[in-house]
$ cat upload.txt   # compact mmCIF, C-alpha atoms
# COMPACT_ATOMS: atom_id res chain seq x y z
CA MET A 102 24.56 -9.89 4.26
CA LYS A 103 21.70 -12.06 5.41
CA TRP A 104 19.30 -11.01 2.67
CA GLU A 105 21.59 -12.43 -0.01
CA LYS A 106 21.10 -15.88 1.53
CA CYS A 107 17.33 -15.44 1.52
CA ILE A 108 17.35 -14.41 -2.11
CA LYS A 109 19.54 -17.44 -2.91
CA PHE A 110 16.82 -19.72 -1.46
CA LEU A 111 14.16 -17.86 -3.43
CA VAL A 112 16.15 -18.33 -6.62
CA SER A 113 16.27 -22.07 -5.92
CA ILE A 114 12.46 -22.00 -5.56
CA LEU A 115 12.20 -20.23 -8.91
CA GLU A 116 14.36 -22.91 -10.56
CA ASN A 117 11.55 -25.29 -9.78
CA PRO A 118 8.59 -23.90 -7.84
CA ASP A 119 6.98 -27.38 -7.73
CA ILE A 120 9.71 -28.94 -5.58
CA ASP A 121 9.60 -28.41 -1.83
CA ASN A 122 13.38 -28.17 -1.19
CA GLY A 123 13.73 -24.45 -1.73
CA TYR A 124 10.68 -23.66 0.39
CA LYS A 125 12.02 -25.79 3.28
CA LEU A 126 15.35 -23.95 3.16
CA LEU A 127 13.52 -20.63 3.10
CA LYS A 128 11.42 -21.65 6.10
CA LYS A 129 14.59 -22.61 8.04
CA TYR A 130 16.13 -19.27 7.10
CA TYR A 131 13.21 -17.30 8.53
CA GLU A 132 13.15 -19.52 11.63
CA SER A 133 16.85 -19.01 12.33
CA ASN A 134 16.38 -15.25 11.99
CA ASN A 135 13.39 -15.24 14.34
CA MET A 136 11.02 -14.04 11.63
CA ILE A 137 7.98 -15.91 12.95
CA TYR A 138 5.24 -14.45 10.69
CA GLU A 139 7.35 -15.10 7.58
CA LYS A 140 8.19 -18.63 8.73
CA GLU A 141 4.51 -19.41 9.39
CA CYS A 142 3.58 -18.21 5.90
CA ILE A 143 6.12 -20.49 4.20
CA GLU A 144 5.14 -23.36 6.52
CA HIS A 145 1.50 -22.89 5.46
CA LEU A 146 2.58 -22.79 1.80
CA ILE A 147 4.57 -26.05 2.16
CA LYS A 148 1.65 -27.76 3.89
CA GLU A 149 -0.97 -26.68 1.32
CA LYS A 150 1.21 -27.08 -1.76
CA PHE A 151 2.95 -30.36 -1.00
CA GLN A 152 1.48 -32.23 1.94
CA ASN A 153 -2.12 -31.84 0.79
CA ASP A 154 -1.13 -32.99 -2.69
CA ASN A 155 0.39 -36.19 -1.13
CA ARG A 156 -2.83 -36.86 0.80
CA THR A 157 -4.85 -36.49 -2.41
CA ASP A 158 -2.47 -38.78 -4.30
CA ASN A 159 -2.69 -41.49 -1.61
CA SER A 160 -6.49 -41.48 -1.42
CA MET B 28 -14.07 14.14 22.87
CA ILE B 29 -12.50 13.56 19.47
CA THR B 30 -12.10 16.46 17.01
CA VAL B 31 -12.51 15.63 13.34
CA GLN B 32 -10.47 17.70 10.86
CA ILE B 33 -11.46 18.05 7.20
CA ILE B 34 -9.53 20.25 4.73
CA VAL B 35 -11.87 21.37 1.94
CA ASN B 36 -11.28 22.91 -1.46
CA ASN B 37 -14.36 22.78 -3.71
CA ASN B 38 -15.78 19.43 -2.61
CA GLU B 39 -19.53 20.11 -2.91
CA ASN B 40 -20.13 16.73 -4.61
CA THR B 41 -18.81 14.65 -1.75
CA ILE B 42 -18.70 16.65 1.51
CA GLN B 43 -22.33 15.96 2.49
CA LYS B 44 -21.76 12.17 2.67
CA THR B 45 -18.53 12.72 4.60
CA LEU B 46 -20.29 14.85 7.22
CA GLU B 47 -23.30 12.51 7.41
CA SER B 48 -20.95 9.62 8.18
CA LEU B 49 -19.69 11.56 11.21
CA THR B 50 -23.13 11.81 12.85
CA PRO B 51 -22.87 8.59 14.94
CA LEU B 52 -19.51 9.82 16.25
CA ASP B 53 -21.01 12.87 17.97
CA ALA B 54 -17.67 14.65 17.60
CA SER B 55 -16.76 18.27 17.09
CA VAL B 56 -15.74 18.98 13.50
CA VAL B 57 -13.26 21.56 12.24
CA VAL B 58 -13.39 22.34 8.54
CA ALA B 59 -10.31 24.08 7.13
CA ASN B 60 -11.31 26.04 4.05
CA VAL B 61 -8.40 26.50 1.64
CA GLY B 62 -10.29 28.37 -1.07
CA CYS B 63 -13.78 26.97 -1.74
CA GLU B 64 -15.71 28.81 -4.44
CA ASP B 65 -18.54 26.27 -4.76
CA ASN B 66 -21.29 25.20 -2.30
CA THR B 67 -19.00 23.24 0.02
CA LEU B 68 -19.19 25.74 2.87
CA SER B 69 -22.97 26.24 2.66
CA ILE B 70 -23.36 22.44 2.90
CA CYS B 71 -21.03 22.40 5.93
CA LYS B 72 -23.02 25.14 7.69
CA LYS B 73 -26.08 22.86 7.82
CA PHE B 74 -24.27 20.54 10.26
CA LYS B 75 -24.15 21.03 14.05
CA ASN B 76 -20.99 21.15 16.11
CA LEU B 77 -18.97 22.27 13.09
CA GLU B 78 -16.53 25.18 12.88
CA ILE B 79 -15.14 26.60 9.62
CA ILE B 80 -11.68 28.19 9.63
CA ASN B 81 -10.22 29.89 6.56
CA PHE B 82 -6.67 29.33 5.32
CA TYR B 83 -4.74 30.30 2.20
CA ASN B 84 -4.81 27.72 -0.62
CA ASN B 85 -1.06 27.31 -0.74
CA GLU B 86 -0.72 26.80 2.99
CA ASN B 87 1.21 23.71 4.03
CA ARG B 88 -1.36 20.97 4.83
CA SER B 89 0.72 19.54 7.66
CA GLU B 90 0.90 22.97 9.28
CA ILE B 91 -2.89 23.27 8.98
CA ARG B 92 -3.32 19.86 10.67
CA ASN B 93 -0.86 20.79 13.41
CA LYS B 94 -2.48 24.21 14.01
CA LEU B 95 -5.97 22.71 14.34
CA SER B 96 -4.91 19.81 16.58
CA LYS B 97 -6.73 19.37 19.89
CA GLU B 98 -6.40 16.69 22.56
CA ILE B 99 -7.39 13.76 20.31
CA ASN B 100 -7.90 14.12 16.56
CA LEU B 101 -9.12 12.25 13.50
CA TYR B 102 -8.77 13.52 9.94
CA LEU B 103 -10.93 12.66 6.97
CA GLU B 104 -10.61 13.85 3.41
CA PRO B 105 -13.79 15.53 2.09
CA TRP B 106 -14.42 12.50 -0.16
CA GLU B 107 -14.14 9.89 2.62
CA CYS B 108 -16.69 8.28 4.94
CA ILE B 109 -16.42 6.28 8.12
CA ILE B 110 -17.94 2.85 7.48
CA ASN B 111 -16.92 0.97 10.63
CA GLY B 112 -15.39 1.46 14.04
CA TYR B 113 -17.37 4.30 15.64
CA GLU B 114 -16.94 2.89 19.16
CA GLU B 115 -13.23 2.31 18.57
CA ILE B 116 -12.83 5.92 17.37
CA LYS B 117 -14.75 7.29 20.36
CA ASN B 118 -12.56 5.26 22.71
CA SER B 119 -9.29 6.26 21.03
CA ASN B 120 -6.79 7.99 23.26
CA LYS B 121 -3.53 7.57 21.33
CA ILE B 122 -2.00 7.61 17.86
CA CYS B 123 -3.59 5.02 15.62
CA SER B 124 -3.61 3.79 12.01
CA VAL B 125 -6.84 2.75 10.36
CA GLN B 126 -7.87 0.90 7.20
CA VAL B 127 -8.72 3.03 4.18
CA PHE B 128 -10.53 1.29 1.32
CA ASN B 129 -9.87 2.93 -2.03
CA ASN B 130 -11.47 0.85 -4.80
CA ASP B 131 -9.58 -2.46 -4.66
CA ILE B 132 -6.73 -1.33 -2.47
CA ILE B 133 -6.61 -1.18 1.32
CA THR B 134 -4.02 1.13 2.81
CA LYS B 135 -3.18 1.55 6.47
CA GLU B 136 -2.90 5.23 7.39
CA THR B 137 -2.31 7.16 10.59
CA ARG B 138 -5.51 9.14 10.98
CA ILE B 139 -5.90 9.41 14.76
CA TRP B 140 -3.33 11.30 16.81
CA THR B 141 -2.81 13.33 19.98
CA ASN B 142 0.18 15.69 20.11
CA GLU B 143 2.29 14.13 17.35
CA LYS B 144 3.20 16.46 14.49
CA PHE B 145 2.53 16.07 10.79
CA THR B 146 5.54 16.70 8.58
CA ASN B 147 4.77 16.36 4.85
CA PRO B 148 3.23 19.55 3.38
CA ILE B 149 1.09 17.81 0.74
CA PHE B 150 0.61 14.16 1.67
CA GLU B 151 0.55 14.88 5.35
CA SER B 152 1.83 12.03 7.50
CA ILE B 153 3.15 11.08 10.89
CA LYS B 154 6.02 8.58 11.00
CA LYS B 155 4.35 5.17 11.01
CA GLU B 156 6.62 3.46 13.51
CA HIS B 157 4.88 5.45 16.24
CA SER B 158 1.44 4.27 15.30
CA ASN B 159 -0.75 1.44 16.60
CA TYR B 160 -3.03 -0.16 14.04
CA ASN B 161 -6.74 -0.79 14.60
CA PRO B 162 -8.23 -2.76 11.68
CA LYS B 163 -11.77 -2.31 13.04
CA ILE B 164 -11.71 1.36 12.07
CA ILE B 165 -12.51 1.52 8.36
CA LEU B 166 -12.84 4.48 6.02
CA SER B 167 -13.93 4.41 2.41
CA SER B 168 -12.27 6.82 0.00
CA LYS B 169 -13.50 7.89 -3.45
CA ASN B 170 -11.82 11.00 -4.79
CA GLU B 171 -13.47 12.18 -7.99
CA LYS B 172 -11.11 15.11 -8.48
CA ASP B 173 -7.78 14.78 -10.24
CA ASN B 174 -5.23 16.54 -8.05
CA ARG B 175 -2.21 14.78 -9.53
CA LYS B 176 -0.68 17.69 -11.44
CA GLU B 177 -1.40 20.15 -8.66
CA ASN B 178 0.20 17.78 -6.14
CA LEU B 179 3.27 17.37 -8.34
CA ILE B 180 3.85 21.14 -8.44
CA LYS B 181 3.60 21.35 -4.64
CA VAL B 182 5.85 18.31 -4.09
CA GLU B 183 8.45 19.67 -6.53
CA ARG B 184 8.56 22.93 -4.60
CA TRP B 185 8.92 21.06 -1.31
CA ALA B 186 11.63 18.78 -2.73
CA LYS B 187 13.60 21.83 -3.92
CA GLU B 188 13.46 23.28 -0.40
CA ASN B 189 14.47 19.93 1.18
CA PRO B 190 16.91 18.21 -1.20
CA THR B 191 18.48 15.97 1.44
CA LEU B 192 15.21 14.45 2.65
CA SER B 193 14.62 10.91 1.32
CA ASP B 194 10.87 11.55 1.73
CA SER B 195 10.80 14.28 -0.91
CA TYR B 196 12.20 11.88 -3.54
CA TYR B 197 9.72 9.23 -2.44
CA TYR B 198 6.74 11.55 -2.92
CA LEU B 199 8.11 12.84 -6.22
CA ALA B 200 8.34 9.22 -7.36
CA CYS B 201 4.75 8.62 -6.20
CA CYS B 202 3.53 11.68 -8.14
CA TYR B 203 5.22 10.58 -11.35
CA LEU B 204 3.92 7.03 -10.92
CA SER B 205 0.38 8.37 -10.63
CA LEU B 206 0.96 10.46 -13.78
CA ARG B 207 2.38 7.37 -15.56
CA ASP B 208 5.68 9.13 -16.27
CA TYR B 209 7.65 5.95 -15.67
CA LYS B 210 11.02 7.35 -16.71
CA LYS B 211 10.83 9.99 -13.96
CA PHE B 212 9.34 7.47 -11.54
CA ILE B 213 12.44 5.28 -11.99
CA LEU B 214 14.76 8.28 -11.64
CA TYR B 215 13.24 9.51 -8.39
CA SER B 216 12.73 6.01 -6.98
CA ASP B 217 16.44 5.33 -7.38
CA GLN B 218 17.23 8.64 -5.64
CA TYR B 219 14.86 7.74 -2.81
CA LEU B 220 16.23 4.21 -2.37
CA ILE B 221 19.83 5.45 -2.13
CA ARG B 222 18.84 7.86 0.64
CA GLU B 223 16.44 5.63 2.59
CA SER B 224 18.24 4.16 5.58
CA SER B 225 15.65 1.60 6.65
CA ILE B 226 13.71 -1.15 4.90
CA ASN B 227 10.21 0.07 5.60
CA VAL B 228 6.82 -0.01 3.86
CA SER B 229 7.74 2.85 1.47
CA TYR B 230 11.02 1.14 0.54
CA ILE B 231 9.39 -2.21 -0.24
CA MET B 232 6.46 -0.70 -2.13
CA THR B 233 8.87 1.39 -4.23
CA LYS B 234 10.71 -1.80 -5.14
CA TYR B 235 7.37 -3.42 -6.00
CA TYR B 236 6.33 -0.67 -8.39
CA LEU B 237 9.83 -0.50 -9.86
CA SER B 238 9.66 -4.23 -10.59
CA GLN B 239 6.34 -3.76 -12.37
CA ILE B 240 7.65 -0.87 -14.46
CA TYR B 241 10.81 -2.76 -15.42
CA LEU B 242 8.66 -5.74 -16.44
CA HIS B 243 6.50 -3.41 -18.54
CA ASN B 244 9.76 -2.16 -20.15
CA ASN B 245 10.95 -5.77 -20.74
CA ASP B 246 13.93 -5.37 -18.42
CA ILE B 247 13.43 -8.82 -16.88
CA LYS B 248 16.69 -8.81 -14.89
CA LYS B 249 15.92 -5.58 -13.02
CA SER B 250 12.29 -6.58 -12.59
CA ALA B 251 13.31 -9.91 -11.05
CA GLU B 252 15.94 -8.31 -8.77
CA ASN B 253 13.36 -5.96 -7.30
CA ALA B 254 10.65 -8.63 -7.08
CA LEU B 255 12.97 -11.05 -5.25
CA GLU B 256 13.81 -8.39 -2.70
CA CYS B 257 10.10 -7.76 -2.11
CA VAL B 258 9.32 -11.46 -1.65
CA SER B 259 12.32 -12.03 0.61
CA HIS B 260 11.22 -9.28 3.02
CA CYS B 261 7.47 -9.93 2.75
CA PRO B 262 6.72 -13.52 1.70
CA PHE B 263 3.22 -13.06 3.19
CA MET B 264 2.16 -10.73 0.38
CA ALA B 265 0.30 -12.39 -2.50
CA GLU B 266 1.03 -9.27 -4.59
CA PHE B 267 4.72 -10.17 -4.72
CA TRP B 268 4.17 -13.83 -5.63
CA CYS B 269 1.82 -12.63 -8.40
CA LEU B 270 4.64 -10.38 -9.60
CA LEU B 271 6.99 -13.36 -9.84
CA GLY B 272 4.19 -15.18 -11.70
CA ASP B 273 3.95 -12.20 -14.08
CA ILE B 274 7.69 -12.31 -14.78
CA TYR B 275 7.59 -16.00 -15.73
CA TYR B 276 4.38 -15.42 -17.72
CA LYS B 277 6.23 -12.82 -19.75
CA LEU B 278 9.08 -15.29 -20.25
CA LYS B 279 6.45 -17.83 -21.46
CA GLN B 280 7.55 -20.25 -18.74
CA TYR B 281 3.94 -21.07 -18.02
CA LYS B 282 4.43 -24.05 -15.70
CA LYS B 283 6.56 -21.98 -13.32
CA SER B 284 4.24 -19.01 -13.70
CA LYS B 285 1.19 -21.12 -12.78
CA SER B 286 2.96 -22.49 -9.71
CA LEU B 287 3.84 -18.98 -8.52
CA TYR B 288 0.27 -17.74 -8.97
CA GLU B 289 -0.86 -20.78 -6.94
CA ASN B 290 1.59 -19.69 -4.23
CA ALA B 291 -0.07 -16.26 -4.22
CA ILE B 292 -3.49 -17.82 -3.62
CA ILE B 293 -2.24 -20.18 -0.87
CA ILE B 294 -0.07 -17.69 0.95
CA GLY B 295 -2.66 -14.95 0.64
CA LYS B 296 -4.98 -16.94 2.93
CA LYS B 297 -2.36 -16.66 5.67
CA ARG B 298 -2.00 -12.89 5.35
CA LYS B 299 -2.84 -11.18 8.59
CA ASN B 300 -4.43 -7.77 8.58
CA SER B 301 -2.12 -6.61 11.36
CA ASP B 302 0.89 -5.69 9.23
CA LYS B 303 1.28 -2.15 7.89
CA PHE B 304 1.50 -3.01 4.20
CA PRO B 305 -1.30 -2.13 1.78
CA ILE B 306 -3.48 -4.90 0.33
CA GLU B 307 -4.40 -5.18 -3.35
CA ILE B 308 -7.50 -7.29 -2.91
CA LYS B 309 -7.56 -8.67 -6.48
CA LYS B 310 -4.07 -10.18 -6.14
CA TYR B 311 -5.31 -12.62 -3.49
CA LYS B 312 -7.80 -14.57 -5.58
CA GLU B 313 -9.29 -12.94 -8.68
CA TYR B 314 -6.07 -11.99 -10.46
CA PRO B 315 -4.03 -15.18 -9.88
CA ASN B 316 -7.08 -17.34 -10.73
CA GLN B 317 -7.55 -15.40 -13.96
CA MET B 318 -3.88 -15.80 -14.87
CA ILE B 319 -3.97 -19.55 -14.09
CA SER B 320 -7.04 -19.83 -16.33
CA ASN B 321 -5.17 -17.96 -19.11
CA ILE B 322 -2.20 -20.31 -18.76
CA LYS B 323 -4.43 -23.39 -18.98
CA LYS B 324 -5.95 -22.03 -22.21
CA ILE B 325 -2.50 -21.34 -23.66
CA ILE B 326 -1.28 -24.83 -22.76
CA ASN B 327 -4.45 -26.44 -24.20
CA ASN B 328 -4.14 -24.46 -27.42
CA THR B 329 -0.49 -25.46 -27.71
CA LYS B 330 -1.47 -29.15 -27.35
CA ILE B 331 -4.09 -28.81 -30.10
CA TYR B 332 -1.47 -27.49 -32.50

$ encode --input "upload.txt" --output "structure tokens"
Amino acid sequence: MKWEKCIKFLVSILENPDIDNGYKLLKKYYESNNMIYEKECIEHLIKEKFQNDNRTDNS
Amino acid sequence: MITVQIIVNNNENTIQKTLESLTPLDASVVVANVGCEDNTLSICKKFKNLEIINFYNNENRSEIRNKLSKEINLYLEPWECIINGYEEIKNSNKICSVQVFNNDIITKETRIWTNEKFTNPIFESIKKEHSNYNPKIILSSKNEKDNRKENLIKVERWAKENPTLSDSYYYLACCYLSLRDYKKFILYSDQYLIRESSINVSYIMTKYYLSQIYLHNNDIKKSAENALECVSHCPFMAEFWCLLGDIYYKLKQYKKSKSLYENAIIIGKKRKNSDKFPIEIKKYKEYPNQMISNIKKIINNTKIY
């Protein structure tokens, strides 16, 4: 069942919510299932949580 | 012209404001009296374009709504006011959900309809999949009366008459949740979830409340299972990320908890108001910020010692 895969990715996020791997897998999952709103939310989360942090670190 | 329906039962404290809020609408109003013994009806009689029709107190509310339906209808509770969207209401010509603000929670409810039929005898509703949603139409709701026990009695009677309906278990669960009888809430939620064939708003919200109750009861495993299902279906809801934060807070895994509350704040900014799920306003900023602040204090205190 597809939801089991989604929950597996969420569990990997919970193992370390400060690493972007799990979020990227989750985003791909939503994208491959045509869940656009959900994919955009995780994309936004990745951008704000990780890419903005990198910009701050580099400045 | 839209017809506004209001079912009244001893609402003298609030009905005047409700009726005043209808003035800009210039609509005809039908007040269904189900047993007023206070000044509700004399207040109603002061308003123009208003008709009072008497019903029995134990009459099925959905049947009342269906009987009074005209070409295009809006219903308000006698403790609600319209605060936005008069033009949108006037221009409505089909079934529509609106925003209802009740303290810190926004729900999306079908309040405008044409020839669709209401089905639930107490918490009257039309199946949501048929409804468009117009976020510009906003009602505020402040019920001072406590109808919880009365509602439970009516829902129990309805559930007895309709034991195969998943809805009856759902509303029983809702009644027990409101009465804080968590044991019965869990019992009826489980019965509802077994019978519910689709993953809809009621299904997800039941899982959400179940997760919170299990967390309260220290059953972390069941709490997490339900929370994960909520997040997987609705990652756009800050409420569910906060719930994951709460679980790790309880486990004293503060670093993870803080990260999950941060997710709630970030993802909450992306939440559109076009989905049909309710919104707990505090979970988008105030609550996760407060929890992050608590965690920082705990971590600082730990460092001191």

$ residues_around --input "upload.txt" --residues "stretch 106-120 of chain A" --least-positions-apart "6" --cutoff "8 Å" --atoms "only C-alpha atoms" --output "number ranges by chain"
A: 126-127, 130; B: 255-256, 259, 283, 286-287

$ interface_residues --input "upload.txt" --of "chain B" --to "chain A" --cutoff "10 Å" --atoms "only C-alpha atoms" --output "number ranges by chain"
B: 251-252, 255-264, 271-272, 275, 282-287, 289-299, 302

$ axis_aligned_box --input "upload.txt" --around "stretch 292-297 of chain B" --padding-each-side "6 Å" --output "JSON"
{"center_x": -2.5, "center_y": -17.6, "center_z": 1.0, "size_x": 16.9, "size_y": 17.2, "size_z": 21.3}

$ closest_residue --input "upload.txt" --among "B:Leu46, B:Met318, B:Cys123, B:Val35" --to "B:Asn60" --atoms "only C-alpha atoms"
B:Val35

$ residues_around --input "upload.txt" --residues "stretch 89-92 of chain B" --least-positions-apart "6" --cutoff "7 Å" --atoms "all atoms listed in the file" --output "ChimeraX atom specification"
/B:145-148,151

$ closest_residue --input "upload.txt" --among "B:Asn87, B:Asn170, B:Ser229, B:Asn100" --to "B:Trp185" --atoms "all atoms listed in the file"
B:Asn87

$ atom_distance --input "upload.txt" --atom1 "atom CA of B:Lys94" --atom2 "atom CA of B:Phe128"
27.4 Å

$ atom_distance --input "upload.txt" --atom1 "atom CA of B:Ile110" --atom2 "atom CA of B:Ile133"
13.5 Å

$ residues_near_point --input "upload.txt" --point "(1.2, 15.4, -8.2)" --cutoff "10 Å" --atoms "all atoms listed in the file" --output "ChimeraX atom specification"
/B:149-150,173-183,198-206

$ atom_distance --input "upload.txt" --atom1 "atom CA of B:Phe82" --atom2 "atom CA of B:Ile34"
9.5 Å

$ residues_near_point --input "upload.txt" --point "(-7.1, -5.4, -2.1)" --cutoff "9 Å" --atoms "only C-alpha atoms" --output "VMD selection string"
chain B and resid 128 to 134 305 to 311

$ closest_residue --input "upload.txt" --among "B:Tyr235, B:Tyr83, B:Tyr276, B:Tyr160" --to "B:Ile319" --atoms "all atoms listed in the file"
B:Tyr276

$ residues_around --input "upload.txt" --residues "B:Gln218" --least-positions-apart "2" --cutoff "10 Å" --atoms "only C-alpha atoms" --output "PDB file with C-alpha atoms, in the coordinates of the input"
ATOM      1  CA  SER B 193      14.620  10.910   1.320  1.00  0.00           C
ATOM      2  CA  SER B 195      10.800  14.280  -0.910  1.00  0.00           C
ATOM      3  CA  TYR B 196      12.200  11.880  -3.540  1.00  0.00           C
ATOM      4  CA  TYR B 197       9.720   9.230  -2.440  1.00  0.00           C
ATOM      5  CA  ALA B 200       8.340   9.220  -7.360  1.00  0.00           C
ATOM      6  CA  PHE B 212       9.340   7.470 -11.540  1.00  0.00           C
ATOM      7  CA  ILE B 213      12.440   5.280 -11.990  1.00  0.00           C
ATOM      8  CA  LEU B 214      14.760   8.280 -11.640  1.00  0.00           C
ATOM      9  CA  TYR B 215      13.240   9.510  -8.390  1.00  0.00           C
ATOM     10  CA  SER B 216      12.730   6.010  -6.980  1.00  0.00           C
ATOM     11  CA  LEU B 220      16.230   4.210  -2.370  1.00  0.00           C
ATOM     12  CA  ILE B 221      19.830   5.450  -2.130  1.00  0.00           C
ATOM     13  CA  ARG B 222      18.840   7.860   0.640  1.00  0.00           C
ATOM     14  CA  GLU B 223      16.440   5.630   2.590  1.00  0.00           C
TER      15      GLU B 223
END
